[in-house]
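K.L.:
Got query07.txt for you, compact mmCIF, C-alpha atoms:
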# COMPACT_ATOMS: atom_id res chain seq x y z
CA MET A 1 12.25 -21.61 -11.55
CA ALA A 2 10.85 -18.84 -9.37
CA LEU A 3 12.69 -16.64 -6.90
CA LEU A 4 11.25 -16.21 -3.42
CA ALA A 5 13.02 -13.45 -1.47
CA GLY A 6 16.02 -14.11 -3.70
CA PHE A 7 16.04 -17.86 -3.08
CA PRO A 8 15.23 -20.41 -5.81
CA ALA A 9 11.86 -22.19 -5.55
CA LEU A 10 9.76 -24.44 -7.77
CA ALA A 11 12.78 -25.65 -9.74
CA GLY A 12 11.33 -28.09 -12.27
CA ALA A 13 7.63 -27.29 -11.67
CA ASP A 14 5.39 -27.91 -14.69
CA LEU A 15 1.71 -26.98 -14.71
CA GLU A 16 -0.83 -26.36 -17.43
CA VAL A 17 -4.37 -25.25 -16.62
CA SER A 18 -7.15 -24.75 -19.17
CA ALA A 19 -9.73 -21.97 -19.03
CA GLY A 20 -12.74 -22.87 -16.89
CA GLU A 21 -10.92 -25.57 -14.91
CA VAL A 22 -10.88 -25.90 -11.13
CA VAL A 23 -7.49 -27.27 -10.12
CA LEU A 24 -6.69 -28.36 -6.59
CA LEU A 25 -3.09 -28.29 -5.38
CA ARG A 26 -2.31 -30.62 -2.52
CA GLY A 27 0.88 -31.05 -0.59
CA ALA A 28 2.58 -30.77 2.76
CA ASN A 29 3.37 -27.44 4.41
CA GLY A 30 6.29 -25.78 2.64
CA ALA A 31 5.86 -27.93 -0.49
CA GLY A 32 5.47 -24.85 -2.69
CA LYS A 33 1.68 -24.56 -3.16
CA SER A 34 1.53 -20.91 -2.08
CA THR A 35 4.55 -20.13 -4.24
CA VAL A 36 2.79 -21.57 -7.30
CA LEU A 37 -0.16 -19.27 -6.58
CA ARG A 38 2.12 -16.23 -6.06
CA VAL A 39 3.91 -16.95 -9.33
CA CYS A 40 0.55 -17.17 -11.15
CA ALA A 41 -0.46 -13.85 -9.54
CA GLY A 42 2.68 -12.16 -10.84
CA LEU A 43 3.99 -11.53 -7.33
CA ALA A 44 7.00 -13.87 -7.35
CA GLU A 45 9.76 -13.43 -9.89
CA VAL A 46 10.23 -16.15 -12.51
CA ALA A 47 13.98 -16.47 -13.00
CA SER A 48 14.08 -19.19 -15.65
CA GLY A 49 11.77 -21.42 -17.67
CA GLU A 50 8.45 -20.48 -19.25
CA ALA A 51 5.53 -18.88 -17.39
CA VAL A 52 2.46 -17.65 -19.27
CA VAL A 53 -0.72 -16.70 -17.38
CA LEU A 54 -3.82 -15.47 -19.25
CA GLY A 55 -1.60 -14.88 -22.25
CA CYS A 56 0.84 -12.69 -20.29
CA ASP A 57 4.48 -13.72 -20.29
CA LEU A 58 5.47 -13.38 -16.63
CA ARG A 59 9.17 -13.32 -17.44
CA ALA A 60 8.69 -10.28 -19.66
CA ASP A 61 6.18 -8.36 -17.51
CA ARG A 62 4.71 -9.61 -14.24
CA ARG A 63 2.54 -6.52 -13.71
CA ALA A 64 0.36 -7.01 -16.78
CA VAL A 65 -1.48 -10.04 -15.37
CA ARG A 66 -2.18 -8.66 -11.90
CA ARG A 67 -5.37 -6.76 -12.66
CA ARG A 68 -6.86 -9.91 -14.21
CA VAL A 69 -6.16 -12.32 -11.34
CA GLY A 70 -7.54 -12.42 -7.81
CA LEU A 71 -5.51 -13.90 -4.97
CA LEU A 72 -6.96 -14.96 -1.65
CA GLY A 73 -3.89 -15.65 0.43
CA HIS A 74 -3.13 -16.18 4.09
CA GLU A 75 -3.31 -12.40 4.34
CA THR A 76 -6.47 -10.58 3.33
CA PHE A 77 -4.87 -7.39 1.85
CA LEU A 78 -7.45 -5.26 3.71
CA TYR A 79 -7.10 -1.93 5.51
CA ASP A 80 -8.13 -2.13 9.17
CA ASP A 81 -9.19 1.53 9.36
CA LEU A 82 -11.47 1.43 6.33
CA SER A 83 -15.00 0.10 6.48
CA VAL A 84 -15.93 -3.17 4.81
CA ALA A 85 -17.69 -1.35 1.95
CA ASP A 86 -14.80 1.13 1.49
CA ASN A 87 -12.26 -1.71 1.32
CA VAL A 88 -14.21 -3.53 -1.37
CA ARG A 89 -14.94 -0.29 -3.27
CA PHE A 90 -11.24 0.70 -3.24
CA ALA A 91 -10.15 -2.72 -4.54
CA VAL A 92 -12.73 -2.61 -7.32
CA ARG A 93 -11.85 0.94 -8.37
CA ALA A 94 -8.12 0.15 -8.28
CA ALA A 95 -8.72 -2.78 -10.63
CA ALA A 96 -10.80 -0.51 -12.90
CA GLY A 97 -13.83 -2.69 -12.15
CA ASP A 98 -17.52 -1.83 -11.98
CA VAL A 99 -18.40 -0.24 -8.60
CA ASN A 100 -22.02 -1.30 -9.12
CA ALA A 101 -20.82 -4.83 -8.39
CA VAL A 102 -19.84 -3.91 -4.82
CA LYS A 103 -23.30 -3.99 -3.19
CA PRO A 104 -24.37 -7.34 -4.69
CA ALA A 105 -21.01 -8.86 -3.72
CA LEU A 106 -21.38 -7.68 -0.12
CA ALA A 107 -24.92 -9.02 0.02
CA ARG A 108 -23.77 -12.35 -1.49
CA LEU A 109 -21.23 -12.78 1.32
CA GLY A 110 -23.63 -11.65 4.04
CA LEU A 111 -21.77 -8.37 4.60
CA ASP A 112 -24.51 -5.88 3.81
CA GLY A 113 -26.30 -3.60 6.26
CA ARG A 114 -24.52 -2.65 9.48
CA LEU A 115 -21.51 -4.90 8.77
CA ALA A 116 -20.73 -2.98 5.56
CA ARG A 117 -20.15 0.21 7.57
CA LEU A 118 -17.96 -1.44 10.21
CA ASP A 119 -14.17 -0.97 10.19
CA VAL A 120 -12.42 -4.14 9.02
CA GLY A 121 -10.16 -3.96 12.10
CA ARG A 122 -13.20 -4.76 14.25
CA LEU A 123 -14.09 -7.96 12.39
CA SER A 124 -13.27 -11.55 13.34
CA ALA A 125 -10.79 -13.55 11.25
CA GLY A 126 -13.62 -15.38 9.49
CA GLN A 127 -15.44 -12.15 8.68
CA ARG A 128 -12.22 -10.69 7.24
CA ARG A 129 -11.97 -13.73 4.95
CA ARG A 130 -15.53 -13.06 3.85
CA VAL A 131 -14.57 -9.47 2.99
CA ALA A 132 -11.58 -10.74 1.00
CA LEU A 133 -13.94 -13.06 -0.87
CA ALA A 134 -16.32 -10.16 -1.46
CA VAL A 135 -13.42 -8.28 -3.09
CA LEU A 136 -12.93 -11.20 -5.49
CA ALA A 137 -16.67 -11.50 -6.15
CA ALA A 138 -16.91 -7.77 -6.94
CA ARG A 139 -13.71 -7.63 -9.02
CA ARG A 140 -14.60 -10.75 -11.03
CA PRO A 141 -11.05 -11.69 -12.06
CA GLN A 142 -10.49 -14.19 -14.84
CA LEU A 143 -8.25 -16.36 -12.70
CA TRP A 144 -9.00 -17.03 -9.02
CA LEU A 145 -6.01 -18.12 -6.95
CA LEU A 146 -7.20 -19.40 -3.58
CA ASP A 147 -4.75 -20.34 -0.84
CA GLU A 148 -6.51 -22.36 1.84
CA PRO A 149 -9.86 -20.72 1.02
CA HIS A 150 -11.79 -22.71 3.65
CA ALA A 151 -9.49 -21.67 6.50
CA GLY A 152 -11.19 -19.62 9.20
CA LEU A 153 -14.66 -19.87 7.60
CA ASP A 154 -17.71 -21.23 9.39
CA ALA A 155 -19.98 -23.83 7.76
CA GLU A 156 -22.27 -21.20 6.24
CA ALA A 157 -19.36 -19.25 4.77
CA ARG A 158 -17.85 -22.46 3.37
CA ASP A 159 -21.08 -23.15 1.56
CA LEU A 160 -21.07 -19.57 0.27
CA LEU A 161 -17.47 -19.97 -0.92
CA GLU A 162 -18.26 -23.16 -2.79
CA GLY A 163 -21.31 -21.59 -4.39
CA LEU A 164 -19.18 -18.63 -5.41
CA ILE A 165 -16.53 -20.89 -6.97
CA ALA A 166 -19.18 -22.82 -8.91
CA GLU A 167 -20.72 -19.55 -10.07
CA THR A 168 -17.42 -18.01 -11.16
CA VAL A 169 -16.41 -21.14 -13.07
CA GLY A 170 -19.81 -21.12 -14.70
CA SER A 171 -19.12 -17.62 -15.94
CA GLY A 172 -15.89 -18.78 -17.60
CA ALA A 173 -13.26 -18.02 -14.94
CA THR A 174 -10.51 -20.43 -13.91
CA VAL A 175 -9.73 -21.45 -10.33
CA VAL A 176 -6.48 -22.77 -8.91
CA MET A 177 -6.61 -23.49 -5.19
CA ALA A 178 -4.40 -24.96 -2.54
CA SER A 179 -6.20 -26.66 0.28
CA HIS A 180 -5.83 -29.16 3.08
CA GLU A 181 -9.63 -29.53 3.24
CA VAL A 182 -9.42 -32.60 1.03
CA ASP A 183 -13.08 -33.68 1.05
CA ARG A 184 -14.63 -30.29 0.33
CA ALA A 185 -11.94 -29.19 -2.13
CA HIS A 186 -12.02 -32.49 -4.02
CA ALA A 187 -15.74 -32.09 -4.62
CA LEU A 188 -15.08 -28.73 -6.28
CA ALA A 189 -12.03 -29.65 -8.36
CA ASN A 190 -11.89 -31.05 -11.89
CA ARG A 191 -8.31 -32.11 -11.32
CA THR A 192 -6.05 -32.66 -8.33
CA LEU A 193 -2.30 -32.17 -8.43
CA THR A 194 0.29 -32.80 -5.78
CA VAL A 195 3.11 -30.38 -5.00
CA ALA A 196 6.18 -31.83 -3.32
CA GLY A 197 9.62 -30.28 -3.02
CA GLY A 198 8.69 -27.57 -5.50
CA VAL A 199 7.72 -30.11 -8.17
CA ILE A 200 4.13 -30.62 -9.35
CA TYR A 201 2.82 -34.16 -9.81
CA ALA A 202 -0.41 -35.35 -11.40
CA GLY A 203 -1.11 -38.33 -9.15
CA ALA A 204 2.19 -40.15 -8.83
CA ARG A 205 3.74 -38.81 -12.04
CA PRO A 206 5.21 -35.37 -12.75
CA ALA A 207 3.09 -33.32 -15.18
CA ALA A 208 4.73 -32.89 -18.57
CA GLU A 209 3.71 -29.40 -19.63
CA PRO A 210 5.19 -26.03 -18.62
CA LEU A 211 3.41 -23.56 -16.31
CA HIS A 212 0.77 -22.18 -18.61
CA VAL A 213 -2.61 -20.86 -17.49
CA ALA A 214 -4.84 -20.23 -20.51
CA MET B 1 -1.58 7.79 -13.57
CA TRP B 2 -3.52 10.82 -12.21
CA ARG B 3 -6.69 8.76 -11.71
CA ASP B 4 -4.70 6.21 -9.71
CA ALA B 5 -2.99 9.01 -7.76
CA LEU B 6 -6.32 10.55 -6.74
CA LEU B 7 -7.73 7.13 -5.83
CA MET B 8 -4.68 6.39 -3.68
CA ALA B 9 -4.66 9.81 -2.01
CA GLY B 10 -8.39 9.53 -1.32
CA LYS B 11 -7.88 6.12 0.28
CA ASP B 12 -4.99 7.31 2.49
CA LEU B 13 -6.86 10.44 3.60
CA ARG B 14 -9.95 8.38 4.34
CA VAL B 15 -7.87 5.99 6.46
CA GLU B 16 -6.47 8.99 8.38
CA ALA B 17 -9.90 10.59 8.77
CA ARG B 18 -11.30 7.38 10.27
CA SER B 19 -8.27 6.47 12.43
CA ARG B 20 -7.58 10.11 13.50
CA VAL B 21 -3.89 9.31 14.03
CA ALA B 22 -2.78 12.55 12.33
CA ILE B 23 -5.12 14.74 14.37
CA GLY B 24 -4.94 12.81 17.62
CA GLN B 25 -1.24 11.95 17.70
CA VAL B 26 0.95 13.67 15.10
CA ALA B 27 -0.42 17.21 15.59
CA PRO B 28 -0.19 17.07 19.41
CA PHE B 29 3.33 15.67 19.08
CA ALA B 30 4.35 18.61 16.86
CA VAL B 31 2.86 21.14 19.28
CA ILE B 32 4.66 19.46 22.19
CA VAL B 33 7.95 19.78 20.27
CA LEU B 34 7.30 23.54 19.91
CA VAL B 35 6.51 23.83 23.63
CA LEU B 36 9.64 21.88 24.59
CA PHE B 37 11.78 24.18 22.44
CA ALA B 38 10.23 27.12 24.31
CA PHE B 39 11.08 25.54 27.67
CA ALA B 40 14.61 24.58 26.63
CA LEU B 41 15.75 27.70 24.83
CA ASP B 42 14.42 30.80 26.43
CA PRO B 43 11.59 31.45 28.87
CA SER B 44 11.94 35.19 28.14
CA ARG B 45 11.31 34.45 24.44
CA GLY B 46 14.19 36.55 23.08
CA ILE B 47 15.94 33.69 21.29
CA LEU B 48 12.66 32.05 20.33
CA VAL B 49 11.60 34.95 18.12
CA LYS B 50 14.94 34.84 16.28
CA ALA B 51 14.91 31.04 15.91
CA ALA B 52 11.16 30.68 15.23
CA ALA B 53 11.55 29.73 11.56
CA GLY B 54 14.12 27.01 12.26
CA LEU B 55 12.19 25.57 15.18
CA PHE B 56 8.99 25.55 13.09
CA TRP B 57 10.67 23.54 10.32
CA VAL B 58 12.35 21.12 12.76
CA ALA B 59 8.90 20.41 14.23
CA VAL B 60 7.49 19.95 10.71
CA LEU B 61 10.38 17.62 9.81
CA PHE B 62 9.84 15.36 12.83
CA SER B 63 6.11 15.29 12.14
CA ALA B 64 6.75 14.48 8.47
CA LEU B 65 8.69 11.39 9.57
CA LEU B 66 5.76 10.22 11.68
CA THR B 67 3.32 10.93 8.86
CA VAL B 68 5.36 8.99 6.28
CA GLN B 69 5.88 6.14 8.73
CA ARG B 70 2.13 5.97 9.33
CA SER B 71 1.42 6.15 5.60
CA PHE B 72 3.49 3.02 4.98
CA ALA B 73 2.56 1.21 8.19
CA ILE B 74 -0.97 0.83 6.80
CA GLU B 75 0.50 -0.79 3.67
CA ALA B 76 2.59 -3.22 5.72
CA ALA B 77 -0.37 -4.60 7.72
CA ASP B 78 -2.12 -7.80 6.59
CA GLY B 79 -0.28 -7.98 3.28
CA ALA B 80 -1.77 -4.70 2.03
CA ARG B 81 1.42 -4.01 0.05
CA ASP B 82 0.88 -7.22 -1.95
CA GLY B 83 -2.73 -6.16 -2.36
CA LEU B 84 -1.52 -2.85 -3.75
CA ARG B 85 0.81 -4.61 -6.20
CA LEU B 86 -2.01 -6.95 -7.24
CA SER B 87 -4.45 -4.07 -7.67
CA GLY B 88 -2.85 -3.13 -10.96
CA LEU B 89 -2.54 0.53 -9.92
CA ASP B 90 0.17 2.44 -11.78
CA PRO B 91 3.20 2.61 -9.43
CA ALA B 92 3.72 6.25 -10.40
CA GLY B 93 0.10 6.89 -9.40
CA ILE B 94 0.65 5.10 -6.09
CA PHE B 95 3.71 7.29 -5.43
CA LEU B 96 1.94 10.53 -6.35
CA GLY B 97 -1.16 9.57 -4.36
CA LYS B 98 0.76 8.71 -1.22
CA ALA B 99 2.93 11.85 -1.52
CA LEU B 100 -0.21 13.97 -2.08
CA ALA B 101 -1.89 12.56 1.03
CA VAL B 102 1.26 13.11 3.14
CA ALA B 103 1.57 16.66 1.79
CA ALA B 104 -2.10 17.43 2.56
CA GLU B 105 -1.67 16.25 6.15
CA LEU B 106 1.53 18.29 6.51
CA PHE B 107 -0.19 21.45 5.20
CA VAL B 108 -2.84 21.18 7.89
CA LEU B 109 -0.13 20.56 10.45
CA GLU B 110 1.83 23.61 9.29
CA ILE B 111 -1.23 25.81 9.83
CA VAL B 112 -1.52 24.49 13.40
CA LEU B 113 2.22 24.93 14.00
CA GLY B 114 2.18 28.40 12.44
CA ALA B 115 -0.48 29.43 14.93
CA GLY B 116 1.62 27.81 17.67
CA VAL B 117 4.70 29.82 16.70
CA VAL B 118 2.72 33.08 16.82
CA VAL B 119 1.12 32.28 20.17
CA LEU B 120 3.99 30.53 21.96
CA TYR B 121 6.99 32.42 20.54
CA ASN B 122 5.34 35.81 19.93
CA ALA B 123 6.86 35.74 16.45
CA PRO B 124 5.58 38.48 14.11
CA ILE B 125 4.40 37.26 10.70
CA HIS B 126 5.42 39.15 7.55
CA GLY B 127 5.90 38.20 3.90
CA TYR B 128 2.82 36.02 3.65
CA LEU B 129 3.33 35.24 -0.04
CA LEU B 130 6.88 33.99 0.44
CA LEU B 131 5.85 32.04 3.54
CA LEU B 132 3.01 30.37 1.67
CA ALA B 133 5.22 29.54 -1.32
CA THR B 134 7.92 28.16 1.01
CA CYS B 135 5.40 25.97 2.82
CA VAL B 136 3.99 24.63 -0.46
CA VAL B 137 7.31 23.83 -2.13
CA ALA B 138 9.09 22.54 1.00
CA THR B 139 6.13 20.31 1.84
CA VAL B 140 6.05 18.84 -1.66
CA GLY B 141 9.80 18.12 -1.39
CA MET B 142 9.47 16.53 2.07
CA ALA B 143 6.46 14.45 1.06
CA SER B 144 8.13 13.24 -2.17
CA ALA B 145 11.44 12.30 -0.58
CA GLY B 146 9.69 10.78 2.44
CA THR B 147 7.43 8.68 0.22
CA ILE B 148 10.39 7.34 -1.76
CA TYR B 149 12.26 6.28 1.37
CA GLY B 150 9.04 5.02 2.95
CA GLY B 151 8.54 2.81 -0.10
CA LEU B 152 12.11 1.60 0.17
CA ALA B 153 11.74 0.64 3.83
CA VAL B 154 8.16 -0.69 3.82
CA GLY B 155 9.06 -4.35 3.27
CA LEU B 156 11.77 -4.40 5.92
CA ARG B 157 11.32 -5.55 9.50
CA VAL B 158 13.48 -2.65 10.74
CA ARG B 159 11.52 0.02 8.84
CA GLU B 160 10.55 2.05 11.93
CA THR B 161 14.17 2.74 12.86
CA LEU B 162 15.59 2.74 9.34
CA LEU B 163 13.26 5.38 7.91
CA PRO B 164 14.51 8.32 10.05
CA LEU B 165 18.09 7.23 9.41
CA LEU B 166 17.53 7.30 5.64
CA THR B 167 15.30 10.35 5.50
CA LEU B 168 16.75 12.92 7.91
CA PRO B 169 20.09 13.42 6.09
CA VAL B 170 18.26 13.66 2.75
CA LEU B 171 15.86 16.29 4.10
CA ALA B 172 18.62 18.43 5.63
CA PRO B 173 18.76 20.73 2.53
CA VAL B 174 14.97 21.24 2.81
CA LEU B 175 15.32 22.17 6.47
CA LEU B 176 18.09 24.66 5.67
CA ALA B 177 16.42 26.24 2.64
CA ALA B 178 12.94 26.39 4.17
CA THR B 179 14.34 27.97 7.34
CA GLU B 180 16.28 30.61 5.39
CA ALA B 181 13.34 31.44 3.12
CA SER B 182 10.92 31.63 6.07
CA GLN B 183 13.35 33.75 8.08
CA ALA B 184 13.69 36.17 5.16
CA ALA B 185 9.89 36.45 5.05
CA LEU B 186 9.62 37.00 8.80
CA ASP B 187 12.40 39.62 8.69
CA GLY B 188 10.47 41.52 6.02
CA VAL B 189 13.13 41.02 3.30
CA PRO B 190 11.43 38.51 1.00
CA GLY B 191 13.94 39.21 -1.80
CA GLN B 192 16.60 37.37 0.23
CA GLY B 193 14.43 34.26 0.39
CA VAL B 194 13.84 33.81 -3.33
CA ALA B 195 17.10 31.94 -3.97
CA TRP B 196 16.28 29.52 -1.14
CA LEU B 197 12.80 29.06 -2.56
CA ARG B 198 14.37 28.14 -5.91
CA LEU B 199 16.56 25.55 -4.18
CA LEU B 200 13.45 24.06 -2.57
CA GLY B 201 11.82 23.95 -6.00
CA VAL B 202 14.78 22.08 -7.51
CA PHE B 203 14.76 19.59 -4.61
CA ALA B 204 11.00 18.97 -4.98
CA ALA B 205 11.28 18.57 -8.76
CA ILE B 206 14.15 16.06 -8.47
CA TYR B 207 12.38 13.88 -5.91
CA LEU B 208 9.02 14.07 -7.65
CA THR B 209 10.60 12.96 -10.93
CA PHE B 210 12.66 10.25 -9.28
CA GLY B 211 9.61 8.94 -7.43
CA VAL B 212 7.44 8.80 -10.55
CA LEU B 213 10.16 6.90 -12.43
CA ALA B 214 11.50 4.59 -9.70
CA PHE B 215 8.65 3.85 -7.31
CA GLY B 216 7.56 0.76 -9.25
CA SER B 217 10.97 -0.84 -8.79
CA LEU B 218 11.01 0.13 -5.11
CA LEU B 219 7.61 -1.48 -4.57
CA GLU B 220 8.74 -4.69 -6.29
CA GLU B 221 12.13 -4.99 -4.66
CA SER B 222 11.47 -3.82 -1.09
Let me see the structure of the file written as structure tokens.

P.N.:
Amino acid sequence: MALLAGFPALAGADLEVSAGEVVLLRGANGAGKSTVLRVCAGLAEVASGEAVVLGCDLRADRRAVRRRVGLLGHETFLYDDLSVADNVRFAVRAAAGDVNAVKPALARLGLDGRLARLDVGRLSAGQRRRVALAVLAARRPQLWLLDEPHAGLDAEARDLLEGLIAETVGSGATVVMASHEVDRAHALANRTLTVAGGVIYAGARPAAEPLHVA
Amino acid sequence: MWRDALLMAGKDLRVEARSRVAIGQVAPFAVIVLVLFAFALDPSRGILVKAAAGLFWVAVLFSALLTVQRSFAIEAADGARDGLRLSGLDPAGIFLGKALAVAAELFVLEIVLGAGVVVLYNAPIHGYLLLLATCVVATVGMASAGTIYGGLAVGLRVRETLLPLLTLPVLAPVLLAATEASQAALDGVPGQGVAWLRLLGVFAAIYLTFGVLAFGSLLEES
């Protein structure tokens, strides 16, 4: 069971994800999909049960896993007054990543040239999502946690996102995403799970294993 | 920890350099406070010379609140605080970096205000060494305590109004000690200011230590 602002959530949720998998979480608004992702990112407190992500026991130390996961949430975690390139560079340096990966990541997401020098506060919502994706591409986390990754992206950016997911899985990373874009997300996922009332179901049946991301 | 602190301070100073809030808003605000004191207290400047040290530190204190508030407002926007937690930066490094950036901005502000006190209040400047030491130690204390309470309030919806309420009473000893030490320097009796300087040093050391040890919990719980 996780605690969200002091309130219990995900009571009875079981989830096991293997390395290199792409898992899609479906469910209605408020079902608990974002909470699952926040728990996996080490942001939400796990009050009881077992929670191991990338070998880190989240009940013992939630901070240990954070540098190894990347979360694309409803918020982009960007600084409006920093340029696109500075935002990505800061995130990569903070995660002790390779700053040489910044330029290729910006180019991959179509954010090179003049856009790279622009303050993030001057970008559209879709462009901000691209910058957030560039952060993930440059940081190269082992576990990608994507909350509605298609939201706010145009068709070209959606194609870029899907290419990026395929590429990152190919390099051995794991992806867990929550999405209402059923058709596009289904095509990417190896497995689809349903979250309802804080419980995770594989199809119509509850999954049997505890939350454990290898 | 020190690498993370420098990274954090560099990021905050870069944000301020690009947004120009400190130069364009906080510094003018502090100068206006000095001017208003001059209007309110004594057009003939007699009282102003005597009260210059206290008025200087009151202006610095108000500006410190704005600077700390700004420092944490940028972490509250668009989930940046979660981004900071996810970054894996050492919380002690985050604390030291943010306090360092606030202190650097306050130092620049104190130079501007010092010039303002000389020009507007006609206050003579003596005891440069004690004045410099007082500015350094008092600013470190203000920045450390302000950063701790800023971190405590950052996740709250009422942070703008809560921060002054939490911080002003805590910074009262800094205001008192910095005023006494500065006044001793201005009066040309620096020996009388040393005890106050020590008090400022103790205050800064306590809040620096507390911040390094507790900022991680504040960031998680706020």

K.L.:
Closest to chain A among B:Asp12, B:Asp78, B:Glu180, B:Glu220, using all atoms listed in the file?

P.N.:
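Ranking B:Asp12, B:Asp78, B:Glu180, B:Glu220 by distance to chain A, first place goes to B:Asp78.
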
K.L.:
Can you measure atom CA of B:Arg20 to atom CA of B:Gly54 for me? One decimal in Å is fine.

P.N.:
27.5 Å

K.L.:
Please tabulate, as a Markdown table, the residues of chain A that come within 6 Å of chain B, each with its closest pair of atoms and the distance in Å to one decimal, counting all atoms listed in the file and ordering rows by chain, then residue number upward.

P.N.:
| residue | atom | partner | partner_atom | distance |
| --- | --- | --- | --- | --- |
| A:Arg66 | CA | B:Leu86 | CA | 5.0 |
| A:Arg67 | CA | B:Gly88 | CA | 4.7 |
| A:Glu75 | CA | B:Asp78 | CA | 5.3 |
| A:Phe77 | CA | B:Ala80 | CA | 4.1 |
| A:Leu78 | CA | B:Ala80 | CA | 5.9 |
| A:Asp81 | CA | B:Val15 | CA | 5.5 |
| A:Leu82 | CA | B:Val15 | CA | 5.8 |
| A:Ala94 | CA | B:Ser87 | CA | 5.6 |
| A:Ala95 | CA | B:Ser87 | CA | 5.4 |

K.L.:
Between A:Val88, A:Ala125, A:Leu37, A:Leu153, which one has atoms that come closest to A:Asp112, using all atoms listed in the file?

P.N.:
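Distance minimum relative to A:Asp112 lands on A:Val88.
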
K.L.:
Could you give me the axis-aligned bounding box of stretch 129-135 of chain B, with 6 Å of padding per side, as centre plus edge lengths in Å to one decimal, as JSON?

P.N.:
{"center_x": 5.5, "center_y": 30.6, "center_z": 1.1, "size_x": 16.9, "size_y": 21.3, "size_z": 16.9}

K.L.:
What does the distance from atom CA of B:Arg70 to atom CA of A:Arg129 come to in Å, to one decimal?

P.N.:
24.6 Å

K.L.:
Could you tell me how far atom CA of A:Ala138 sits from atom CA of A:Arg93, in Å to one decimal place?

P.N.:
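It comes out at 10.2 Å.
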
K.L.:
Could you give me, as a PyMOL selection string, the residues within 9 Å of B:Leu197, counting all atoms listed in the file and dropping anything in the same chain fewer than 6 positions from it?

P.N.:
chain B and resi 130+133-134+137-138+177-178+180-181

K.L.:
Return as JSON lines the residues of stretch 30-98 of chain A lying at most 9 Å from stretch 192-202 of chain A, together with the closest atom-to-atom pair for each and the distance in Å to one decimal, counting all atoms listed in the file, with rows in chain order and ascending residue number.

P.N.:
{"residue": "A:Gly30", "atom": "CA", "partner": "A:Gly197", "partner_atom": "CA", "distance": 8.0}
{"residue": "A:Ala31", "atom": "CA", "partner": "A:Ala196", "partner_atom": "CA", "distance": 4.8}
{"residue": "A:Gly32", "atom": "CA", "partner": "A:Gly198", "partner_atom": "CA", "distance": 5.1}
{"residue": "A:Lys33", "atom": "CA", "partner": "A:Val195", "partner_atom": "CA", "distance": 6.3}
{"residue": "A:Thr35", "atom": "CA", "partner": "A:Gly198", "partner_atom": "CA", "distance": 8.6}
{"residue": "A:Val36", "atom": "CA", "partner": "A:Gly198", "partner_atom": "CA", "distance": 8.6}

K.L.:
Take the residues from that selection and write them out as a compact mmCIF listing (two decimals), in the coordinates of the input, keeping C-alpha atoms.

P.N.:
# COMPACT_ATOMS: atom_id res chain seq x y z
CA GLY A 30 6.29 -25.78 2.64
CA ALA A 31 5.86 -27.93 -0.49
CA GLY A 32 5.47 -24.85 -2.69
CA LYS A 33 1.68 -24.56 -3.16
CA THR A 35 4.55 -20.13 -4.24
CA VAL A 36 2.79 -21.57 -7.30

K.L.:
Restricting the calculation to only C-alpha atoms: of A:Gly113, A:Gly49, A:Gly126, A:Gly172, which residue gets closest to A:Ala155?

P.N.:
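Looking only at the distances to A:Ala155, the closest residue turns out to be A:Gly126.
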
K.L.:
Pick from B:Trp57, B:Ala123, B:Phe107, B:Gln25: nearest to B:Val174, with only C-alpha atoms counted?

P.N.:
B:Trp57
